$ cat work.pdb   # PDB, C-alpha atoms and all ligand atoms
ATOM      1  CA  MET I 160       0.000   0.000   0.000
ATOM      2  CA  THR I 161       1.325   3.378  -0.904
ATOM      3  CA  THR I 162      -0.320   6.724  -0.687
ATOM      4  CA  GLY I 163       0.710  10.283  -1.080
ATOM      5  CA  ARG I 164       1.477  10.630   2.583
ATOM      6  CA  TRP I 165       4.882   9.042   2.094
ATOM      7  CA  THR I 166       6.010  12.021   0.117
ATOM      8  CA  ASP I 167       9.661  12.669   0.755
ATOM      9  CA  HIS I 168      10.240  16.043   2.349
ATOM     10  CA  ASP I 169      13.520  16.275   0.516
ATOM     11  CA  GLN I 170      11.687  15.779  -2.705
ATOM     12  CA  GLU I 171       9.330  18.625  -1.925
ATOM     13  CA  HIS I 172      12.305  20.784  -1.305
ATOM     14  CA  TYR I 173      13.837  19.717  -4.558
ATOM     15  CA  GLU I 174      10.712  20.509  -6.526
ATOM     16  CA  ARG I 175      10.404  23.992  -5.132
ATOM     17  CA  PRO I 176      11.789  26.393  -7.714
ATOM     18  CA  ARG I 177      15.152  27.802  -6.776
ATOM     19  CA  ARG I 178      15.369  31.519  -6.446
ATOM     20  CA  HIS I 179      18.335  32.255  -8.645
ATOM     21  CA  THR I 180      17.732  29.688 -11.282
ATOM     22  CA  ARG I 181      18.490  30.672 -14.823
ATOM     23  CA  PRO I 182      15.751  30.499 -17.433
ATOM     24  CA  ARG I 183      15.442  26.979 -18.705
ATOM     25  CA  THR I 184      16.819  26.399 -22.142
ATOM     26  CA  LYS I 185      15.283  24.048 -24.638
ATOM     27  CA  GLU I 186      18.376  21.901 -24.346
ATOM     28  CA  ARG I 187      17.641  20.448 -20.933
ATOM     29  CA  PRO I 188      19.579  17.224 -20.657
ATOM     30  CA  THR I 189      17.356  14.210 -21.153
ATOM     31  CA  TYR I 190      19.924  11.656 -19.998
ATOM     32  CA  ASP I 191      19.007   9.243 -22.745
ATOM     33  CA  ASP I 192      22.243   7.432 -22.027
ATOM     34  CA  ALA I 193      21.459   6.933 -18.336
ATOM     35  CA  VAL I 194      21.421   3.407 -16.958
ATOM     36  CA  ASP I 195      19.533   1.946 -14.011
ATOM     37  CA  GLY I 196      21.192   1.262 -10.681
ATOM     38  CA  THR I 197      20.240   0.408  -7.109
ATOM     39  CA  VAL I 198      21.822   2.122  -4.117
ATOM     40  CA  VAL I 199      23.332  -0.472  -1.747
ATOM     41  CA  THR I 200      25.169   1.746   0.688
ATOM     42  CA  VAL I 201      25.937   5.378   1.386
ATOM     43  CA  ASP I 202      29.182   6.628   2.855
ATOM     44  CA  ARG I 203      29.905  10.294   3.392
ATOM     45  CA  GLY I 204      28.166  11.563   0.288
ATOM     46  CA  ARG I 205      29.402   8.764  -1.935
ATOM     47  CA  PHE I 206      26.965   6.132  -3.053
ATOM     48  CA  THR I 207      27.665   2.547  -3.944
ATOM     49  CA  LEU I 208      25.254   1.265  -6.549
ATOM     50  CA  VAL I 209      24.919  -1.980  -8.326
ATOM     51  CA  VAL I 210      24.448  -1.553 -12.051
ATOM     52  CA  GLY I 211      23.623  -4.990 -13.346
ATOM     53  CA  ASP I 212      26.057  -6.998 -11.233
ATOM     54  CA  VAL I 213      28.756  -4.352 -11.088
ATOM     55  CA  PRO I 214      29.375  -2.207  -7.985
ATOM     56  CA  VAL I 215      29.687   1.391  -9.100
ATOM     57  CA  THR I 216      30.649   4.442  -7.060
ATOM     58  CA  ALA I 217      28.586   7.524  -7.731
ATOM     59  CA  MET I 218      27.831  10.985  -6.490
ATOM     60  CA  LYS I 219      24.709  13.067  -6.880
ATOM     61  CA  ALA I 220      24.507  15.214  -9.982
ATOM     62  CA  ARG I 221      23.897  18.884  -9.381
ATOM     63  CA  PRO I 222      20.267  18.917 -10.616
ATOM     64  CA  LEU I 223      19.294  16.635  -7.734
ATOM     65  CA  GLY I 224      20.057  19.486  -5.380
ATOM     66  CA  ARG I 225      19.334  18.526  -1.796
ATOM     67  CA  LYS I 226      17.191  15.584  -2.688
ATOM     68  CA  GLY I 227      18.057  12.674  -0.438
ATOM     69  CA  VAL I 228      19.347   9.430  -1.900
ATOM     70  CA  VAL I 229      19.168   6.432   0.407
ATOM     71  CA  VAL I 230      19.848   2.714   0.441
ATOM     72  CA  GLY I 231      17.290   0.937  -1.694
ATOM     73  CA  ASP I 232      16.736   3.851  -4.040
ATOM     74  CA  ARG I 233      16.475   2.974  -7.683
ATOM     75  CA  VAL I 234      18.369   5.572  -9.630
ATOM     76  CA  ARG I 235      19.420   6.570 -13.132
ATOM     77  CA  VAL I 236      23.129   7.168 -13.575
ATOM     78  CA  VAL I 237      25.359   8.653 -16.233
ATOM     79  CA  GLY I 238      29.094   8.919 -16.651
ATOM     80  CA  ASP I 239      31.582   6.180 -15.913
ATOM     81  CA  THR I 240      29.550   3.174 -14.799
ATOM     82  CA  SER I 241      32.349   0.706 -15.493
ATOM     83  CA  GLY I 242      33.018   0.212 -11.801
ATOM     84  CA  ALA I 243      36.737   0.503 -12.509
ATOM     85  CA  GLU I 244      38.924   1.680  -9.644
ATOM     86  CA  GLY I 245      38.742   5.445  -9.321
ATOM     87  CA  SER I 246      35.709   5.741 -11.575
ATOM     88  CA  LEU I 247      32.824   7.939 -10.540
ATOM     89  CA  ALA I 248      29.325   7.967 -11.973
ATOM     90  CA  ARG I 249      26.640  10.587 -11.431
ATOM     91  CA  ILE I 250      23.116   9.970 -10.170
ATOM     92  CA  VAL I 251      20.780  12.105 -12.257
ATOM     93  CA  GLU I 252      17.399  10.794 -11.207
ATOM     94  CA  VAL I 253      15.786   8.972  -8.296
ATOM     95  CA  THR I 254      12.834   6.784  -9.218
ATOM     96  CA  GLU I 255       9.660   7.357  -7.222
ATOM     97  CA  ARG I 256       9.756   5.272  -4.056
ATOM     98  CA  THR I 257       7.234   2.529  -3.350
ATOM     99  CA  THR I 258       7.867   2.574   0.417
ATOM    100  CA  VAL I 259       9.898   4.698   2.812
ATOM    101  CA  LEU I 260      11.068   3.338   6.171
ATOM    102  CA  ARG I 261      11.694   6.261   8.482
ATOM    103  CA  ARG I 262      12.859   6.859  11.967
ATOM    104  CA  THR I 263      12.978   9.953  14.049
ATOM    105  CA  ALA I 264      16.313  10.422  15.789
ATOM    106  CA  ASP I 265      14.440  10.145  19.050
ATOM    107  CA  ASP I 266      10.923  10.877  20.121
ATOM    108  CA  ASP I 267      11.721  14.417  21.204
ATOM    109  CA  ASP I 268      13.596  15.235  18.036
ATOM    110  CA  PRO I 269      11.150  15.636  15.186
ATOM    111  CA  VAL I 270      13.857  15.411  12.524
ATOM    112  CA  GLU I 271      12.970  12.331  10.591
ATOM    113  CA  ARG I 272      15.420  10.345   8.562
ATOM    114  CA  VAL I 273      14.721   7.939   5.779
ATOM    115  CA  ILE I 274      16.518   4.672   6.479
ATOM    116  CA  VAL I 275      15.616   2.603   3.440
ATOM    117  CA  ALA I 276      13.510   3.097   0.310
ATOM    118  CA  ASN I 277      11.550   0.525  -1.673
ATOM    119  CA  ALA I 278      11.710  -2.300   0.870
ATOM    120  CA  SER I 279       8.510  -4.282   1.291
ATOM    121  CA  GLN I 280       9.188  -6.245   4.484
ATOM    122  CA  LEU I 281      10.521  -5.378   7.930
ATOM    123  CA  VAL I 282      12.049  -8.351   9.716
ATOM    124  CA  VAL I 283      12.083  -7.769  13.457
ATOM    125  CA  VAL I 284      14.815 -10.033  14.804
ATOM    126  CA  THR I 285      14.245 -10.863  18.473
ATOM    127  CA  ALA I 286      15.940 -13.404  20.710
ATOM    128  CA  LEU I 287      13.602 -15.592  22.751
ATOM    129  CA  ALA I 288      16.142 -15.413  25.580
ATOM    130  CA  ASP I 289      19.552 -13.925  26.307
ATOM    131  CA  PRO I 290      18.614 -11.111  25.946
ATOM    132  CA  GLU I 291      14.996 -11.453  27.036
ATOM    133  CA  PRO I 292      12.495 -10.272  24.443
ATOM    134  CA  ARG I 293      10.984  -6.861  25.078
ATOM    135  CA  THR I 294       7.581  -6.445  23.537
ATOM    136  CA  GLY I 295       7.829  -2.654  23.712
ATOM    137  CA  LEU I 296      10.694  -2.769  21.231
ATOM    138  CA  ILE I 297       8.884  -5.168  18.946
ATOM    139  CA  ASP I 298       5.764  -3.010  19.088
ATOM    140  CA  ARG I 299       7.690   0.070  18.061
ATOM    141  CA  ALA I 300       9.273  -1.714  15.111
ATOM    142  CA  LEU I 301       5.824  -2.917  14.053
ATOM    143  CA  VAL I 302       4.498   0.642  14.180
ATOM    144  CA  ALA I 303       7.380   1.764  11.956
ATOM    145  CA  ALA I 304       6.621  -1.066   9.520
ATOM    146  CA  TYR I 305       2.905  -0.335   9.336
ATOM    147  CA  ASP I 306       3.571   3.362   8.946
ATOM    148  CA  ALA I 307       5.955   2.628   6.075
ATOM    149  CA  GLY I 308       3.458   0.365   4.331
ATOM    150  CA  MET I 309       5.762  -2.621   4.836
ATOM    151  CA  ASP I 310       4.801  -6.142   5.854
ATOM    152  CA  PRO I 311       6.228  -7.096   9.254
ATOM    153  CA  LEU I 312       7.835 -10.453   9.975
ATOM    154  CA  LEU I 313       8.896 -11.644  13.416
ATOM    155  CA  CYS I 314      12.105 -13.626  13.333
ATOM    156  CA  LEU I 315      12.553 -15.282  16.719
ATOM    157  CA  THR I 316      16.062 -16.533  17.381
ATOM    158  CA  LYS I 317      17.571 -18.787  20.058
ATOM    159  CA  ALA I 318      14.564 -21.080  20.124
ATOM    160  CA  ASP I 319      16.806 -23.644  21.806
ATOM    161  CA  LEU I 320      16.770 -21.430  24.913
ATOM    162  CA  ALA I 321      13.062 -20.674  25.291
ATOM    163  CA  ASP I 322       9.656 -21.660  23.975
ATOM    164  CA  PRO I 323       8.349 -19.102  21.455
ATOM    165  CA  GLU I 324       4.713 -19.632  22.464
ATOM    166  CA  THR I 325       4.586 -16.955  25.173
ATOM    167  CA  LEU I 326       5.822 -14.260  22.824
ATOM    168  CA  LEU I 327       3.789 -15.461  19.870
ATOM    169  CA  SER I 328       0.581 -15.350  21.889
ATOM    170  CA  THR I 329       1.111 -11.588  22.220
ATOM    171  CA  TYR I 330       1.205 -11.103  18.444
ATOM    172  CA  ARG I 331      -1.171 -13.752  17.182
ATOM    173  CA  SER I 332      -4.234 -11.497  17.144
ATOM    174  CA  LEU I 333      -2.373  -8.927  15.053
ATOM    175  CA  GLY I 334      -1.743 -11.574  12.436
ATOM    176  CA  VAL I 335       2.002 -10.881  12.300
ATOM    177  CA  PRO I 336       3.750 -13.755  10.502
ATOM    178  CA  TRP I 337       6.729 -15.340  12.236
ATOM    179  CA  VAL I 338       9.630 -17.699  11.781
ATOM    180  CA  VAL I 339      11.676 -19.363  14.509
ATOM    181  CA  THR I 340      15.381 -20.111  14.295
ATOM    182  CA  GLN I 341      18.139 -21.358  16.498
ATOM    183  CA  ARG I 342      21.873 -21.546  16.099
ATOM    184  CA  GLY I 343      22.802 -23.944  13.341
ATOM    185  CA  SER I 344      19.179 -24.523  12.366
ATOM    186  CA  ASP I 345      17.839 -24.817   8.871
ATOM    187  CA  LEU I 346      16.821 -21.387   7.568
ATOM    188  CA  THR I 347      14.466 -22.591   4.861
ATOM    189  CA  GLY I 348      11.434 -20.982   6.508
ATOM    190  CA  LEU I 349      13.129 -17.615   6.678
ATOM    191  CA  ARG I 350      14.548 -17.891   3.155
ATOM    192  CA  ASP I 351      11.065 -18.641   1.846
ATOM    193  CA  ARG I 352       9.805 -15.433   3.451
ATOM    194  CA  LEU I 353      12.645 -13.364   1.983
ATOM    195  CA  ARG I 354      12.440 -14.714  -1.528
ATOM    196  CA  GLY I 355      11.741 -12.253  -4.312
ATOM    197  CA  ARG I 356      11.476  -9.137  -2.151
ATOM    198  CA  THR I 357      13.547  -6.555  -0.315
ATOM    199  CA  SER I 358      13.567  -7.037   3.451
ATOM    200  CA  VAL I 359      15.048  -4.829   6.130
ATOM    201  CA  LEU I 360      16.417  -6.602   9.216
ATOM    202  CA  VAL I 361      16.276  -4.717  12.499
ATOM    203  CA  GLY I 362      17.179  -5.914  15.973
ATOM    204  CA  HIS I 363      19.171  -5.115  19.042
ATOM    205  CA  SER I 364      22.702  -6.299  19.573
ATOM    206  CA  GLY I 365      22.944  -9.826  20.871
ATOM    207  CA  VAL I 366      19.829 -11.127  19.150
ATOM    208  CA  GLY I 367      21.821 -12.895  16.444
ATOM    209  CA  LYS I 368      21.046 -10.614  13.522
ATOM    210  CA  SER I 369      24.622 -10.602  12.219
ATOM    211  CA  THR I 370      24.738 -14.373  12.456
ATOM    212  CA  LEU I 371      21.596 -14.539  10.361
ATOM    213  CA  VAL I 372      22.940 -12.123   7.767
ATOM    214  CA  ASN I 373      26.137 -14.148   7.460
ATOM    215  CA  ALA I 374      24.170 -17.352   7.105
ATOM    216  CA  LEU I 375      21.828 -15.885   4.502
ATOM    217  CA  VAL I 376      24.605 -14.280   2.462
ATOM    218  CA  PRO I 377      27.762 -16.307   3.095
ATOM    219  CA  ASP I 378      29.789 -13.937   0.920
ATOM    220  CA  ALA I 379      28.568 -10.858   2.781
ATOM    221  CA  ASP I 380      31.969  -9.953   4.161
ATOM    222  CA  ARG I 381      33.571 -10.319   0.800
ATOM    223  CA  GLU I 382      30.794  -8.365  -0.880
ATOM    224  CA  ILE I 383      31.053  -5.541   1.582
ATOM    225  CA  GLY I 384      34.831  -5.720   1.290
ATOM    226  CA  HIS I 385      34.449  -5.421  -2.441
ATOM    227  CA  VAL I 386      32.313  -2.356  -1.948
ATOM    228  CA  ASN I 387      35.147  -0.881   0.088
ATOM    229  CA  VAL I 388      37.617  -1.501  -2.629
ATOM    230  CA  VAL I 389      35.319   0.212  -5.053
ATOM    231  CA  THR I 390      34.663   3.269  -2.934
ATOM    232  CA  GLY I 391      38.311   3.468  -1.990
ATOM    233  CA  ARG I 392      37.180   4.793   1.338
ATOM    234  CA  GLY I 393      38.726   2.306   3.678
ATOM    235  CA  ARG I 394      36.809  -0.184   5.709
ATOM    236  CA  HIS I 395      33.078  -0.251   5.553
ATOM    237  CA  THR I 396      31.882   1.396   8.729
ATOM    238  CA  SER I 397      30.088  -1.042  10.969
ATOM    239  CA  THR I 398      27.258   1.396  11.537
ATOM    240  CA  SER I 399      26.234   1.871   7.921
ATOM    241  CA  VAL I 400      23.043   0.525   6.497
ATOM    242  CA  PHE I 401      23.833  -1.758   3.579
ATOM    243  CA  MET I 402      21.936  -3.912   1.143
ATOM    244  CA  LEU I 403      22.968  -7.384   0.016
ATOM    245  CA  ARG I 404      21.615  -9.514  -2.783
ATOM    246  CA  LEU I 405      20.520 -12.960  -1.654
ATOM    247  CA  PRO I 406      22.314 -15.893  -3.292
ATOM    248  CA  GLY I 407      20.732 -16.673  -6.618
ATOM    249  CA  GLY I 408      19.739 -13.041  -7.029
ATOM    250  CA  ASP I 409      16.275 -13.754  -5.678
ATOM    251  CA  GLY I 410      15.666 -10.868  -3.322
ATOM    252  CA  TRP I 411      17.649  -8.478  -1.157
ATOM    253  CA  ILE I 412      18.237  -7.977   2.526
ATOM    254  CA  VAL I 413      19.162  -4.710   4.181
ATOM    255  CA  ASP I 414      21.173  -4.857   7.393
ATOM    256  CA  THR I 415      20.930  -1.950   9.810
ATOM    257  CA  PRO I 416      23.849  -2.294  12.229
ATOM    258  CA  GLY I 417      23.698   1.295  13.413
ATOM    259  CA  ILE I 418      19.972   1.470  14.065
ATOM    260  CA  ARG I 419      19.571   1.185  17.811
ATOM    261  CA  SER I 420      16.420   3.212  18.207
ATOM    262  CA  PHE I 421      13.167   3.686  16.422
ATOM    263  CA  GLY I 422      11.949   7.172  17.217
ATOM    264  CA  LEU I 423       8.360   7.377  16.069
ATOM    265  CA  ALA I 424       7.593  11.072  16.417
ATOM    266  CA  HIS I 425       6.929  11.219  12.675
ATOM    267  CA  VAL I 426       4.101   8.683  12.898
ATOM    268  CA  GLU I 427       0.639  10.221  12.855
ATOM    269  CA  PRO I 428      -1.374   8.299  15.456
ATOM    270  CA  GLY I 429      -4.542   8.712  13.446
ATOM    271  CA  GLN I 430      -2.951   6.938  10.486
ATOM    272  CA  LEU I 431      -1.917   3.711  12.187
ATOM    273  CA  ILE I 432      -5.384   2.193  11.970
ATOM    274  CA  GLY I 433      -5.086   2.372   8.186
ATOM    275  CA  ALA I 434      -2.848  -0.697   8.448
ATOM    276  CA  PHE I 435      -5.785  -2.630   9.944
ATOM    277  CA  PRO I 436      -8.622  -2.284   7.418
ATOM    278  CA  ASP I 437     -10.942  -4.575   9.382
ATOM    279  CA  LEU I 438     -10.674  -2.319  12.451
ATOM    280  CA  ASP I 439     -10.732   0.840  10.394
ATOM    281  CA  ALA I 440     -14.097  -0.257   9.000
ATOM    282  CA  LEU I 441     -15.527  -0.120  12.539
ATOM    283  CA  THR I 442     -14.642   3.514  13.132
ATOM    284  CA  GLY I 443     -17.162   5.171  10.822
ATOM    285  CA  GLU I 444     -19.198   6.478  13.753
ATOM    286  CA  CYS I 445     -16.212   7.747  15.755
ATOM    287  CA  SER I 446     -16.131  11.429  16.488
ATOM    288  CA  ARG I 447     -13.767  13.505  14.432
ATOM    289  CA  GLY I 448     -10.334  13.398  15.985
ATOM    290  CA  CYS I 449     -10.892  10.036  17.680
ATOM    291  CA  LEU I 450      -7.543   8.238  17.721
ATOM    292  CA  HIS I 451      -9.253   4.937  18.626
ATOM    293  CA  GLY I 452      -7.048   4.428  21.655
ATOM    294  CA  SER I 453      -8.263   3.125  24.992
ATOM    295  CA  GLY I 454     -10.083   5.821  26.930
ATOM    296  CA  GLU I 455     -11.480   7.551  23.873
ATOM    297  CA  PRO I 456     -15.113   8.411  24.544
ATOM    298  CA  GLU I 457     -17.495   6.511  22.320
ATOM    299  CA  CYS I 458     -14.913   4.916  20.067
ATOM    300  CA  GLY I 459     -16.386   2.602  17.467
ATOM    301  CA  LEU I 460     -13.888  -0.089  18.436
ATOM    302  CA  ASP I 461     -15.379  -0.315  21.935
ATOM    303  CA  ALA I 462     -18.875  -0.486  20.495
ATOM    304  CA  ALA I 463     -17.805  -3.254  18.125
ATOM    305  CA  VAL I 464     -16.181  -5.281  20.918
ATOM    306  CA  ALA I 465     -19.287  -4.849  23.109
ATOM    307  CA  ALA I 466     -21.504  -6.004  20.272
ATOM    308  CA  GLY I 467     -19.283  -9.018  19.556
ATOM    309  CA  GLY I 468     -18.291  -7.580  16.200
ATOM    310  CA  ALA I 469     -14.569  -7.337  16.874
ATOM    311  CA  ASP I 470     -11.912  -9.556  18.433
ATOM    312  CA  PRO I 471     -11.143  -7.917  21.793
ATOM    313  CA  ASP I 472      -7.550  -9.225  21.696
ATOM    314  CA  ARG I 473      -6.995  -7.636  18.321
ATOM    315  CA  VAL I 474      -8.422  -4.305  19.414
ATOM    316  CA  GLU I 475      -6.304  -4.405  22.555
ATOM    317  CA  SER I 476      -3.170  -5.245  20.568
ATOM    318  CA  PHE I 477      -3.840  -2.423  18.124
ATOM    319  CA  ARG I 478      -4.187  -0.050  21.060
ATOM    320  CA  ARG I 479      -0.969  -1.325  22.566
ATOM    321  CA  LEU I 480       0.815  -0.408  19.310
ATOM    322  CA  LEU I 481      -0.841   2.988  19.339
ATOM    323  CA  ALA I 482       0.466   3.573  22.856
ATOM    324  CA  ALA I 483       3.933   2.254  21.932
ATOM    325  CA  ARG I 484       4.268   5.096  19.490
ATOM    326  CA  SER I 485       4.650   7.557  22.333
ATOM    327  CA  GLU I 486       6.602   5.399  24.764
ATOM    328  CA  THR I 487      10.304   5.900  25.418
ATOM    329  CA  ALA I 488      12.460   5.087  22.431
ATOM    330  CA  TRP I 489      14.477   1.851  22.349
TER     331      TRP I 489
HETATM  332 ZN    ZN I 501     -12.439   5.675  17.534
END

$ encode --input "work.pdb" --output "structure tokens"
Amino acid sequence: MTTGRWTDHDQEHYERPRRHTRPRTKERPTYDDAVDGTVVTVDRGRFTLVVGDVPVTAMKARPLGRKGVVVGDRVRVVGDTSGAEGSLARIVEVTERTTVLRRTADDDDPVERVIVANASQLVVVTALADPEPRTGLIDRALVAAYDAGMDPLLCLTKADLADPETLLSTYRSLGVPWVVTQRGSDLTGLRDRLRGRTSVLVGHSGVGKSTLVNALVPDADREIGHVNVVTGRGRHTSTSVFMLRLPGGDGWIVDTPGIRSFGLAHVEPGQLIGAFPDLDALTGECSRGCLHGSGEPECGLDAAVAAGGADPDRVESFRRLLAARSETAW
């Protein structure tokens, strides 16, 4: 699902006419020779793209102005796209994004940052023990996913240490799909869920996210190393967001090593229910401005639960997510 509300602020800025711009000539460049690329990592203003199978270093062309370019962006590039050492291509166009995963630096800081564009799934990696799962963190990641128009997936690790049932019972009524893994286990279930799409993996340190990434893309280190060689910028920083193609070319994963918090100040509380069409359909009689949280006077969700027309667990879970939006950041 995509709607106009995911408009990139940067893009708005870009489209605003500049004050001192010269009159446009008829010979605006059309970039007929541009080729398609995908941004896989960003490092200090330099972008690593893959063009076909080739890693290419690029910078933004001047006409893009202050428009943001992020991991996952599909772009058009001109110039030297050979990928040869020292070569530099120019990004001349960013294709309209299908989804935008955002975070606010923290809940008090309204500056929102786009983490990844065009991903369709958010994989919330959580250990079942060591460290103990914290539903508040999972809830906040789910809110970010729903706000971005992405499908959530719970990936529960260390199943050898604890039974997943307790945690799963909390999320069953929301209908969040899940996979369970443990060290050395077969990852077929997870691979099936990742196939043919772009998935962002988020999770706290110690939950086994890096182990999963290495298992899913055994050449990850080499690939990232290769990227380093191409950018000529020294070692890949461990905090950068980067995108890796799954073996066989059937889908992508995005690792987010530096993302330790999910500030949600950018999320409009009134919009969250849009991710739950069945509940949204029950709110037609709500007063204007009803956020459908617990304690709202005469919310249609309460009426539906009282009349047996809504699953009370599902309504309660939705309201827990709504409240998680304004809880302390991770
Ligand atoms: Zn309501």

$ atom_distance --input "work.pdb" --atom1 "CA of Gly417 in chain I" --atom2 "CA of Ala288 in chain I"
22.0 Å

$ closest_residue --input "work.pdb" --among "I:Arg233, I:Lys317, I:Arg262, I:His363" --to "Asp289 in chain I" --atoms "all atoms listed in the file"
I:Lys317

$ resolve_selection --input "work.pdb" --expression "the PyMOL selection byres (((not hetatm)) within 10 of (chain I and resi 501))" --output "ChimeraX atom specification"
/I:429,432,438-439,441-462

$ closest_residue --input "work.pdb" --among "I:Pro428, I:Gly343, I:Gly355, I:Gly224" --to "Leu371 in chain I" --atoms "only C-alpha atoms"
I:Gly343

$ resolve_selection --input "work.pdb" --expression "the PyMOL selection byres (((chain I and resi 362) around 6) and not hetatm)" --output "PyMOL selection string"
chain I and resi 283-284+361+363

$ closest_residue --input "work.pdb" --among "I:Gly308, I:Pro214, I:Gly365, I:Gly242" --to "Thr285 in chain I" --atoms "all atoms listed in the file"
I:Gly365

$ atom_distance --input "work.pdb" --atom1 "CA of Lys226 in chain I" --atom2 "CA of Met402 in chain I"
20.4 Å

$ atom_distance --input "work.pdb" --atom1 "CA of Cys314 in chain I" --atom2 "CA of Val209 in chain I"
27.7 Å

$ residues_around --input "work.pdb" --residues "Val236 in chain I" --least-positions-apart "5" --cutoff "6 Å" --atoms "all atoms listed in the file" --output "ChimeraX atom specification"
/I:193-194,249-251

$ residues_around --input "work.pdb" --residues "range 309-312 of chain I" --least-positions-apart "6" --cutoff "10 Å" --atoms "all atoms listed in the file" --output "ChimeraX atom specification"
/I:160-161,257-260,277-284,300-303,334-338,349,352-353,358-360,434

$ closest_residue --input "work.pdb" --among "I:Tyr190, I:Phe477, I:Phe435, I:Phe421" --to "Ala264 in chain I" --atoms "all atoms listed in the file"
I:Phe421

$ closest_residue --input "work.pdb" --among "I:Gly211, I:Thr415, I:Asp437, I:Arg261" --to "Gly468 in chain I" --atoms "all atoms listed in the file"
I:Asp437

$ axis_aligned_box --input "work.pdb" --around "range 406-421 of chain I" --padding-each-side "4 Å" --output "AutoDock Vina command-line options"
--center_x 18.5 --center_y -6.5 --center_z 5.6 --size_x 18.7 --size_y 28.4 --size_z 33.2

$ residues_around --input "work.pdb" --residues "Ala248 in chain I" --least-positions-apart "5" --cutoff "8 Å" --atoms "only C-alpha atoms" --output "PyMOL selection string"
chain I and resi 215-218+236-240

$ resolve_selection --input "work.pdb" --expression "the PyMOL selection byres (((chain I and resi 350) around 12) and not hetatm)" --output "number ranges by chain"
I: 282, 314, 338-340, 345-349, 351-358, 371-372, 374-376, 405-407, 409-412

$ build_atoms --input "work.pdb" --residues "range 192-196 of chain I" --atoms "all heavy atoms" --output "PDB file, keeping the file's coordinate frame"
ATOM      1  N   ASP I 192      21.218   8.469 -22.193  1.00  0.00           N
ATOM      2  CA  ASP I 192      22.243   7.432 -22.027  1.00  0.00           C
ATOM      3  C   ASP I 192      22.321   6.914 -20.594  1.00  0.00           C
ATOM      4  O   ASP I 192      23.198   6.132 -20.265  1.00  0.00           O
ATOM      5  CB  ASP I 192      23.614   7.979 -22.464  1.00  0.00           C
ATOM      6  CG  ASP I 192      23.976   9.263 -21.712  1.00  0.00           C
ATOM      7  OD1 ASP I 192      23.048   9.902 -21.144  1.00  0.00           O
ATOM      8  OD2 ASP I 192      25.170   9.629 -21.679  1.00  0.00           O
ATOM      9  N   ALA I 193      21.405   7.367 -19.735  1.00  0.00           N
ATOM     10  CA  ALA I 193      21.459   6.933 -18.336  1.00  0.00           C
ATOM     11  C   ALA I 193      21.118   5.451 -18.222  1.00  0.00           C
ATOM     12  O   ALA I 193      20.347   4.910 -19.014  1.00  0.00           O
ATOM     13  CB  ALA I 193      20.493   7.766 -17.492  1.00  0.00           C
ATOM     14  N   VAL I 194      21.721   4.816 -17.227  1.00  0.00           N
ATOM     15  CA  VAL I 194      21.421   3.407 -16.958  1.00  0.00           C
ATOM     16  C   VAL I 194      20.834   3.282 -15.551  1.00  0.00           C
ATOM     17  O   VAL I 194      20.955   4.190 -14.728  1.00  0.00           O
ATOM     18  CB  VAL I 194      22.683   2.523 -17.093  1.00  0.00           C
ATOM     19  CG1 VAL I 194      23.214   2.563 -18.523  1.00  0.00           C
ATOM     20  CG2 VAL I 194      23.758   2.954 -16.108  1.00  0.00           C
ATOM     21  N   ASP I 195      20.191   2.155 -15.297  1.00  0.00           N
ATOM     22  CA  ASP I 195      19.533   1.946 -14.011  1.00  0.00           C
ATOM     23  C   ASP I 195      20.503   1.360 -12.992  1.00  0.00           C
ATOM     24  O   ASP I 195      21.306   0.485 -13.309  1.00  0.00           O
ATOM     25  CB  ASP I 195      18.360   0.971 -14.170  1.00  0.00           C
ATOM     26  CG  ASP I 195      17.262   1.561 -15.043  1.00  0.00           C
ATOM     27  OD1 ASP I 195      17.016   2.773 -14.923  1.00  0.00           O
ATOM     28  OD2 ASP I 195      16.668   0.810 -15.838  1.00  0.00           O
ATOM     29  N   GLY I 196      20.396   1.828 -11.771  1.00  0.00           N
ATOM     30  CA  GLY I 196      21.192   1.262 -10.681  1.00  0.00           C
ATOM     31  C   GLY I 196      20.370   1.222  -9.407  1.00  0.00           C
ATOM     32  O   GLY I 196      19.307   1.839  -9.308  1.00  0.00           O
TER      33      GLY I 196
END
